[in-house]
$ cat final-v1.txt   # compact mmCIF, C-alpha atoms
# COMPACT_ATOMS: atom_id res chain seq x y z
CA MET A 1 49.70 7.76 -23.58
CA TYR A 2 49.36 11.47 -24.29
CA LYS A 3 52.70 13.30 -24.60
CA ARG A 4 53.12 17.04 -24.29
CA PRO A 5 55.03 18.90 -27.05
CA LYS A 6 58.78 19.05 -26.39
CA ASP A 7 58.80 22.85 -26.37
CA ASP A 8 56.00 22.93 -23.76
CA SER A 9 57.03 23.87 -20.23
CA SER A 10 56.59 21.60 -17.21
CA ILE A 11 53.00 20.61 -16.38
CA VAL A 12 53.73 21.55 -12.76
CA VAL A 13 54.50 25.11 -13.90
CA SER A 14 52.05 25.69 -16.75
CA GLY A 15 49.33 23.13 -16.08
CA GLY A 16 47.54 21.50 -19.01
CA ARG A 17 46.71 17.96 -19.99
CA ALA A 18 48.33 15.25 -17.89
CA GLU A 19 50.67 12.70 -19.50
CA VAL A 20 48.89 9.55 -18.38
CA ALA A 21 47.29 6.36 -19.64
CA TYR A 22 44.72 4.24 -17.82
CA PRO A 23 44.19 0.86 -19.52
CA THR A 24 42.21 -1.70 -17.52
CA PHE A 25 43.78 -5.00 -16.45
CA LYS A 26 41.31 -6.64 -18.86
CA LYS A 27 42.67 -4.57 -21.76
CA ILE A 28 46.30 -5.36 -20.84
CA THR A 29 45.41 -9.05 -20.59
CA GLU A 30 43.73 -8.99 -24.01
CA ASP A 31 46.74 -7.24 -25.59
CA LEU A 32 49.55 -9.17 -23.89
CA GLY A 33 47.97 -12.44 -22.76
CA ILE A 34 49.23 -12.12 -19.17
CA THR A 35 47.42 -12.56 -15.85
CA ASP A 36 46.58 -9.94 -13.21
CA ASP A 37 49.35 -11.26 -10.95
CA THR A 38 51.89 -10.89 -13.76
CA ILE A 39 50.72 -7.33 -14.47
CA ASN A 40 51.18 -6.43 -10.79
CA LYS A 41 54.60 -8.08 -10.78
CA TYR A 42 55.90 -6.10 -13.75
CA ASN A 43 54.33 -2.85 -12.59
CA LYS A 44 56.47 -3.09 -9.45
CA ILE A 45 59.59 -3.93 -11.50
CA LEU A 46 59.03 -0.92 -13.79
CA VAL A 47 58.66 1.35 -10.74
CA ALA A 48 61.84 -0.06 -9.19
CA LEU A 49 63.67 0.69 -12.46
CA ASP A 50 62.32 4.28 -12.38
CA MET A 51 60.59 3.80 -15.73
CA ILE A 52 57.01 4.48 -14.60
CA ARG A 53 54.86 5.56 -11.68
CA TYR A 54 51.25 4.47 -11.23
CA LYS A 55 48.33 5.13 -8.91
CA SER A 56 44.74 3.93 -8.52
CA ALA A 57 41.79 6.31 -8.82
CA GLY A 58 40.36 4.65 -5.71
CA THR A 59 37.26 2.58 -5.14
CA TRP A 60 33.74 3.47 -6.29
CA TYR A 61 30.15 2.22 -6.51
CA TYR A 62 27.21 2.97 -8.80
CA ILE A 63 24.90 5.80 -7.72
CA ASN A 64 21.83 3.67 -8.47
CA ASP A 65 23.11 0.52 -6.74
CA PRO A 66 20.97 -0.01 -3.60
CA ASN A 67 23.61 -2.46 -2.28
CA LYS A 68 26.54 -0.05 -2.85
CA ILE A 69 28.88 -2.80 -4.00
CA VAL A 70 32.38 -1.27 -4.08
CA ARG A 71 34.58 -1.79 -7.14
CA GLU A 72 38.21 -1.05 -7.94
CA SER A 73 39.13 1.78 -10.29
CA VAL A 74 41.69 1.53 -13.04
CA ASN A 75 45.35 2.32 -12.48
CA PHE A 76 46.80 5.49 -13.95
CA TYR A 77 50.31 5.25 -15.42
CA THR A 78 52.86 7.92 -16.29
CA LEU A 79 56.44 7.70 -17.57
CA PHE A 80 58.96 8.66 -14.89
CA THR A 81 61.13 11.76 -15.19
CA ASP A 82 61.12 13.03 -11.62
CA GLU A 83 58.86 12.46 -8.60
CA GLU A 84 57.20 15.91 -8.64
CA THR A 85 56.21 15.71 -12.31
CA ALA A 86 55.05 12.08 -12.02
CA ASN A 87 52.91 12.81 -8.94
CA HIS A 88 51.40 15.89 -10.58
CA ASN A 89 50.57 13.95 -13.76
CA LEU A 90 48.85 11.19 -11.78
CA LYS A 91 46.95 13.63 -9.56
CA GLU A 92 45.67 15.75 -12.46
CA GLY A 93 44.89 12.71 -14.61
CA ILE A 94 42.78 11.10 -11.89
CA LYS A 95 41.01 14.39 -11.12
CA PHE A 96 40.05 14.77 -14.80
CA TYR A 97 38.96 11.11 -15.03
CA LYS A 98 36.55 11.39 -12.10
CA LYS A 99 34.81 14.35 -13.78
CA MET A 100 34.36 12.59 -17.13
CA GLU A 101 30.81 12.13 -18.42
CA ARG A 102 31.36 8.36 -18.52
CA ASN A 103 31.78 8.39 -14.72
CA SER A 104 28.75 10.55 -13.90
CA ASP A 105 26.94 7.45 -12.61
CA LYS A 106 29.67 6.60 -10.06
CA ILE A 107 30.41 7.64 -6.49
CA PHE A 108 34.14 7.61 -5.69
CA THR A 109 34.74 6.67 -2.07
CA GLY A 110 38.09 8.41 -1.60
CA SER A 111 39.57 5.12 -0.41
CA LYS A 112 42.46 3.40 -2.18
CA SER A 113 42.15 0.08 -0.37
CA TYR A 114 39.81 -2.45 -1.92
CA LYS A 115 38.10 -5.10 0.16
CA ASN A 116 35.60 -7.52 -1.33
CA ASN A 117 32.35 -6.64 0.43
CA ASN A 118 30.25 -9.26 -1.37
CA LYS A 119 30.50 -12.01 1.30
CA VAL A 120 27.29 -11.05 3.10
CA LEU A 121 25.41 -10.59 -0.19
CA ASN A 122 26.75 -13.87 -1.57
CA GLY A 123 25.62 -15.62 1.60
CA GLU A 124 22.14 -14.11 1.28
CA LEU A 125 22.05 -15.05 -2.41
CA GLY A 126 23.06 -18.64 -1.64
CA SER A 127 20.34 -18.89 0.99
CA ILE A 128 17.66 -17.75 -1.47
CA ILE A 129 18.89 -20.13 -4.19
CA LYS A 130 18.70 -22.96 -1.65
CA LYS A 131 15.10 -21.96 -0.88
CA GLU A 132 14.31 -21.98 -4.61
CA LYS A 133 15.58 -25.55 -4.94
CA LEU A 134 13.46 -26.58 -1.96
CA GLY A 135 10.46 -24.74 -3.40
CA THR A 136 10.09 -22.49 -0.36
CA ALA A 137 11.26 -19.18 -1.87
CA THR A 138 8.70 -16.37 -1.71
CA GLU A 139 8.12 -13.62 -4.30
CA GLU A 140 10.04 -11.27 -2.00
CA ASP A 141 12.96 -13.74 -1.95
CA ILE A 142 13.03 -13.90 -5.75
CA ALA A 143 12.87 -10.10 -6.04
CA ARG A 144 15.76 -9.80 -3.58
CA LYS A 145 17.78 -12.39 -5.50
CA ASN A 146 17.35 -10.43 -8.74
CA ASN A 147 18.28 -7.22 -6.91
CA ILE A 148 21.54 -8.74 -5.64
CA LEU A 149 22.40 -10.23 -9.05
CA CYS A 150 21.85 -6.85 -10.73
CA SER A 151 24.30 -5.26 -8.28
CA ILE A 152 26.96 -7.95 -8.60
CA ASN A 153 26.72 -8.21 -12.39
CA ALA A 154 26.24 -4.49 -12.98
CA ASN A 155 26.91 -3.33 -16.52
CA ASP A 156 28.96 -0.13 -16.72
CA GLU A 157 27.40 1.03 -19.99
CA GLN A 158 23.89 0.29 -18.75
CA HIS A 159 24.40 2.37 -15.59
CA GLY A 160 25.89 5.19 -17.66
CA ILE A 161 22.83 5.29 -19.93
CA GLN A 162 20.51 5.23 -16.93
CA ALA A 163 22.36 8.16 -15.33
CA LEU A 164 22.22 10.17 -18.57
CA LEU A 165 18.49 9.62 -19.04
CA ASP A 166 17.74 10.41 -15.39
CA SER A 167 19.67 13.68 -15.58
CA ASN A 168 18.14 14.69 -18.94
CA PRO A 169 14.40 13.96 -18.52
CA ASN A 170 12.31 13.50 -21.70
CA GLU A 171 15.37 13.70 -23.96
CA LEU A 172 16.44 10.95 -26.36
CA LEU A 173 19.97 9.54 -26.11
CA SER A 174 20.74 10.70 -29.63
CA SER A 175 19.82 14.24 -28.62
CA ILE A 176 21.75 14.08 -25.33
CA TYR A 177 24.97 12.94 -26.99
CA SER A 178 24.54 15.51 -29.73
CA GLY A 179 24.41 18.16 -27.01
CA PHE A 180 27.67 16.79 -25.61
CA ASP A 181 29.27 17.13 -29.07
CA SER A 182 29.66 13.33 -29.15
CA GLU A 183 28.45 13.07 -32.74
CA LYS A 184 29.61 9.49 -33.22
CA LYS A 185 27.58 8.25 -30.24
CA ALA A 186 24.67 10.48 -31.21
CA GLU A 187 24.64 8.84 -34.65
CA ILE A 188 24.85 5.33 -33.16
CA TYR A 189 21.86 5.89 -30.86
CA TYR A 190 19.87 7.73 -33.53
CA LYS A 191 20.30 4.74 -35.83
CA LEU A 192 19.27 2.38 -33.02
CA GLU A 193 16.18 4.46 -32.22
CA GLN A 194 15.22 4.23 -35.90
CA GLU A 195 15.92 0.50 -36.19
CA LEU A 196 13.84 -0.31 -33.11
CA GLY A 197 10.97 1.84 -34.39
CA LEU A 198 11.02 4.13 -31.38
CA ILE A 199 10.80 7.32 -33.46
CA ASP A 200 8.77 8.29 -36.53
CA GLU A 201 9.83 10.03 -39.76
CA ASP A 202 9.82 13.38 -37.96
CA ASP A 203 12.12 11.95 -35.23
CA ASP A 204 9.30 12.17 -32.68
CA LEU A 205 9.04 9.49 -30.01
CA ILE A 206 6.26 6.97 -30.80
CA VAL A 207 6.13 5.20 -27.41
CA ASP A 208 5.85 6.81 -23.97
CA TYR A 209 9.12 8.03 -22.48
CA ASP A 210 9.22 5.55 -19.58
CA TYR A 211 9.01 2.70 -22.07
CA TYR A 212 11.76 4.31 -24.17
CA LYS A 213 13.95 4.48 -21.06
CA TRP A 214 13.33 0.81 -20.30
CA ILE A 215 14.32 -0.20 -23.82
CA MET A 216 17.50 1.88 -23.95
CA GLU A 217 18.64 0.97 -20.43
CA ASN A 218 18.24 -2.76 -21.02
CA TYR A 219 18.99 -3.09 -24.74
CA ASN A 220 21.46 -5.81 -25.70
CA LYS A 221 22.55 -6.09 -29.32
CA ASP A 222 22.61 -9.89 -28.99
CA GLU A 223 18.86 -9.72 -28.27
CA HIS A 224 18.04 -7.09 -30.90
CA THR A 225 15.09 -9.04 -32.30
CA TYR A 226 13.55 -9.39 -28.83
CA TYR A 227 13.62 -5.62 -28.19
CA LEU A 228 12.41 -4.92 -31.73
CA ASN A 229 9.40 -7.17 -31.06
CA CYS A 230 8.83 -5.50 -27.69
CA VAL A 231 8.60 -2.07 -29.31
CA SER A 232 6.35 -3.36 -32.12
CA LYS A 233 4.00 -4.95 -29.58
CA LYS A 234 3.95 -1.79 -27.47
CA ILE A 235 3.02 0.32 -30.50
CA ARG A 236 0.27 -2.15 -31.52
CA ASP A 237 -1.10 -2.15 -27.98
CA ASN A 238 -1.10 1.66 -27.93
CA GLU A 239 -2.90 1.79 -31.29
CA GLN A 240 -5.48 -0.74 -30.11
CA SER A 241 -5.98 1.23 -26.90
CA ASN A 242 -6.49 4.42 -28.91
CA ILE A 243 -9.04 2.69 -31.14
CA GLU A 244 -10.93 1.36 -28.12
CA GLU A 245 -10.86 4.79 -26.52
CA LYS A 246 -12.22 6.39 -29.69
CA CYS A 247 -14.95 3.73 -29.95
CA LYS A 248 -15.86 4.26 -26.32
CA LEU A 249 -15.99 8.03 -26.85
CA LYS A 250 -18.07 7.60 -30.00
CA GLY A 251 -20.43 5.29 -28.14
CA LEU A 252 -20.96 7.89 -25.43
CA GLN A 253 -21.61 10.56 -28.06
CA ASN A 254 -24.20 8.32 -29.76
CA LYS A 255 -25.92 7.71 -26.44
CA LYS A 256 -26.13 11.46 -25.88
CA LYS A 257 -27.68 11.92 -29.32
CA VAL A 258 -30.30 9.23 -28.59
CA TYR A 259 -31.05 10.82 -25.24
CA ARG A 260 -31.44 14.31 -26.81
CA ASN A 261 -33.71 12.92 -29.54
CA ARG A 262 -35.99 11.54 -26.86
$ encode --input "final-v1.txt" --output "structure tokens"
Amino acid sequence: MYKRPKDDSSIVVSGGRAEVAYPTFKKITEDLGITDDTINKYNKILVALDMIRYKSAGTWYYINDPNKIVRESVNFYTLFTDEETANHNLKEGIKFYKKMERNSDKIFTGSKSYKNNNKVLNGELGSIIKKEKLGTATEEDIARKNNILCSINANDEQHGIQALLDSNPNELLSSIYSGFDSEKKAEIYYKLEQELGLIDEDDDLIVDYDYYKWIMENYNKDEHTYYLNCVSKKIRDNEQSNIEEKCKLKGLQNKKKVYRNR
């Protein structure tokens, strides 16, 4: 948790960076080996002892999710000194969090109450799976099933990459992050673009941009070889297409020469 210098005046008076932390329940579980129920239990005890205050950033859904599946935000925590300072820290911390680049692909609903809205979708999904087993599922059914699964199992990093590429057309991720002064991420994606063979020695894109987007939005390091092969095949196909186009053009030119000679 960030702590302001001791000689700094109150955040309520002077403003500045909020004294908050916002670890996910998953992170707390990994660090302490306790369940969600236990985390909730001790959060309430710590509040009752006037040691902390905490508040949720509210519910949200992905901009690109056609099903608008609502998810819970992380809790924000601050050490307790007095109610005014604690409330101000939480308010400013959440406000800053919502504006972070990592959340540019999210729509915050403004609601603090979370209600699982997947029942209808799960019912529809179950119905399609049943059709599949009976062999009566149509192509539309399968497409809808995949659409629902993508929403339910949405990957936060994947949606973030998609939002970045959509808002920075024709730019590479390495270039986008470099523009954000995120040099570490810029270096990671530059190395990946090189390893996958997406760029040449002059750092120019070898494949078309739509294909680049598909690779970067779906890339999984556990399937690195698969995506490497995909790029290699795409480049070979492009080269073959260029050769065929040149041959076709040359053939037309030869026909014109024959016709003129007549």
$ closest_residue --input "final-v1.txt" --among "A:Glu183, A:Asn89, A:Asp210, A:Lys233" --to "Gly197 (chain A)" --atoms "only C-alpha atoms"
A:Lys233
$ residues_around --input "final-v1.txt" --residues "Gln194 (chain A)" --least-positions-apart "6" --cutoff "9 Å" --atoms "all atoms listed in the file" --output "PyMOL selection string"
chain A and resi 200-201+203
$ closest_residue --input "final-v1.txt" --among "A:Asn64, A:Asn75, A:Asn40, A:Ser182" --to "Ala21 (chain A)" --atoms "all atoms listed in the file"
A:Asn75
$ closest_residue --input "final-v1.txt" --among "A:Asn43, A:Glu132, A:Asn146, A:Leu192" --to "His224 (chain A)" --atoms "all atoms listed in the file"
A:Leu192
$ atom_distance --input "final-v1.txt" --atom1 "CA of Phe180 (chain A)" --atom2 "CA of Val20 (chain A)"
23.6 Å
$ closest_residue --input "final-v1.txt" --among "A:Glu101, A:Glu193, A:Glu19, A:Glu83" --to "Arg4 (chain A)" --atoms "all atoms listed in the file"
A:Glu19
$ residues_near_point --input "final-v1.txt" --point "(18.0, 11.3, -26.8)" --cutoff "10 Å" --atoms "only C-alpha atoms" --output "ChimeraX atom specification"
/A:164-165,168-179,186,189-190,193,205,212-213,216
$ residues_around --input "final-v1.txt" --residues "Ser73 (chain A)" --least-positions-apart "2" --cutoff "10 Å" --atoms "all atoms listed in the file" --output "MDAnalysis selection string"
chainID A and resid 22 24 55:61 70:71 75:76 108 112 114
$ atom_distance --input "final-v1.txt" --atom1 "CA of Asp82 (chain A)" --atom2 "CA of Tyr54 (chain A)"
13.1 Å
$ atom_distance --input "final-v1.txt" --atom1 "CA of Thr29 (chain A)" --atom2 "CA of Asn67 (chain A)"
29.2 Å
$ residues_around --input "final-v1.txt" --residues "Asp36 (chain A)" --least-positions-apart "6" --cutoff "10 Å" --atoms "only C-alpha atoms" --output "list in words"
Phe25, Lys26, Ile28 and Thr29 of chain A
$ write_last_selection --input "final-v1.txt" --atoms "C-alpha atoms" --output "CSV table (one decimal), keeping the file's coordinate frame"
chain,number,residue,atom,x,y,z
A,25,PHE,CA,43.8,-5.0,-16.4
A,26,LYS,CA,41.3,-6.6,-18.9
A,28,ILE,CA,46.3,-5.4,-20.8
A,29,THR,CA,45.4,-9.0,-20.6
$ residues_near_point --input "final-v1.txt" --point "(8.4, -4.0, -27.4)" --cutoff "12 Å" --atoms "all atoms listed in the file" --output "PyMOL selection string"
chain A and resi 196-198+206-208+211-216+218-219+223-238
